[in-house]
Amino acid sequence: MCWLGWVHEGEELQALRLAVLDGRIDADTYQAVVEYVSPVLLFPSDSDAAAHGEAGIDAPDEKARHLINKIARTRNDLVP
């Protein structure tokens, strides 16, 4: 799931409005973004999304530990 903050206020996004004024997107693209409905369930707030994302961070389960080890093996730029 994602946070729906930007989704339900698309018309109010300054970047979106500036993109129209600058000619980076046309009116049809603007309207498509404003009318977009996510096909996945979204969190009602940024704090709910953050809480979900941080769940288990202090005590990762077996699957998480496996993925952490996999990433650590393939990346050499991580600090232990």
# chains A, B, ... in the order shown; residues from 1 in each chain; ligands from 1
>>> select_by_dssp(residues="chain A", states="alpha helix (DSSP H)", output="number ranges by chain")
A: 14-22, 27-34, 46-54, 62-74
>>> atom_distance(atom1="CA of Leu41 in chain A", atom2="CA of Glu54 in chain A")
18.0 Å
>>> residues_around(residues="Leu16 in chain A", least_positions_apart="4", cutoff="9 Å", atoms="only C-alpha atoms", output="PyMOL selection string")
chain A and resi 10-12+20-21+25+30+33
>>> write_last_selection(atoms="N, CA, C and O atoms", output="compact mmCIF listing (two decimals), in the first residue's frame")
# COMPACT_ATOMS: atom_id res chain seq x y z
N GLY A 10 -4.56 15.99 -6.31
CA GLY A 10 -3.80 16.20 -7.53
C GLY A 10 -3.93 17.59 -8.11
O GLY A 10 -2.96 18.17 -8.59
N GLU A 11 -5.13 18.15 -8.06
CA GLU A 11 -5.34 19.49 -8.60
C GLU A 11 -4.53 20.54 -7.87
O GLU A 11 -4.23 21.60 -8.41
N GLU A 12 -4.16 20.26 -6.62
CA GLU A 12 -3.44 21.23 -5.80
C GLU A 12 -1.92 21.09 -5.90
O GLU A 12 -1.19 21.88 -5.30
N VAL A 20 2.11 22.09 -16.57
CA VAL A 20 1.19 22.54 -17.62
C VAL A 20 1.64 23.90 -18.14
O VAL A 20 1.74 24.11 -19.35
N LEU A 21 1.94 24.82 -17.24
CA LEU A 21 2.36 26.17 -17.65
C LEU A 21 3.64 26.15 -18.46
O LEU A 21 3.82 26.94 -19.39
N ILE A 25 3.66 19.03 -19.79
CA ILE A 25 2.54 18.12 -19.97
C ILE A 25 1.38 18.90 -20.57
O ILE A 25 1.30 20.12 -20.41
N TYR A 30 -2.65 16.35 -17.62
CA TYR A 30 -3.02 16.95 -16.33
C TYR A 30 -4.32 16.35 -15.83
O TYR A 30 -4.42 15.91 -14.68
N VAL A 33 -3.99 12.76 -14.59
CA VAL A 33 -3.37 12.68 -13.26
C VAL A 33 -4.37 13.06 -12.18
O VAL A 33 -4.49 12.38 -11.16
>>> closest_residue(among="A:His66, A:Arg75, A:Arg17, A:Ala55", to="Gln31 in chain A", atoms="only C-alpha atoms")
A:Arg17
>>> atom_distance(atom1="CA of Ser45 in chain A", atom2="CA of Leu13 in chain A")
16.8 Å
>>> atom_distance(atom1="CA of Leu18 in chain A", atom2="CA of Ser38 in chain A")
23.0 Å
>>> select_by_dssp(residues="chain A", states="strand (DSSP E or B)", output="PyMOL selection string")
chain A and resi 2-3+42-43
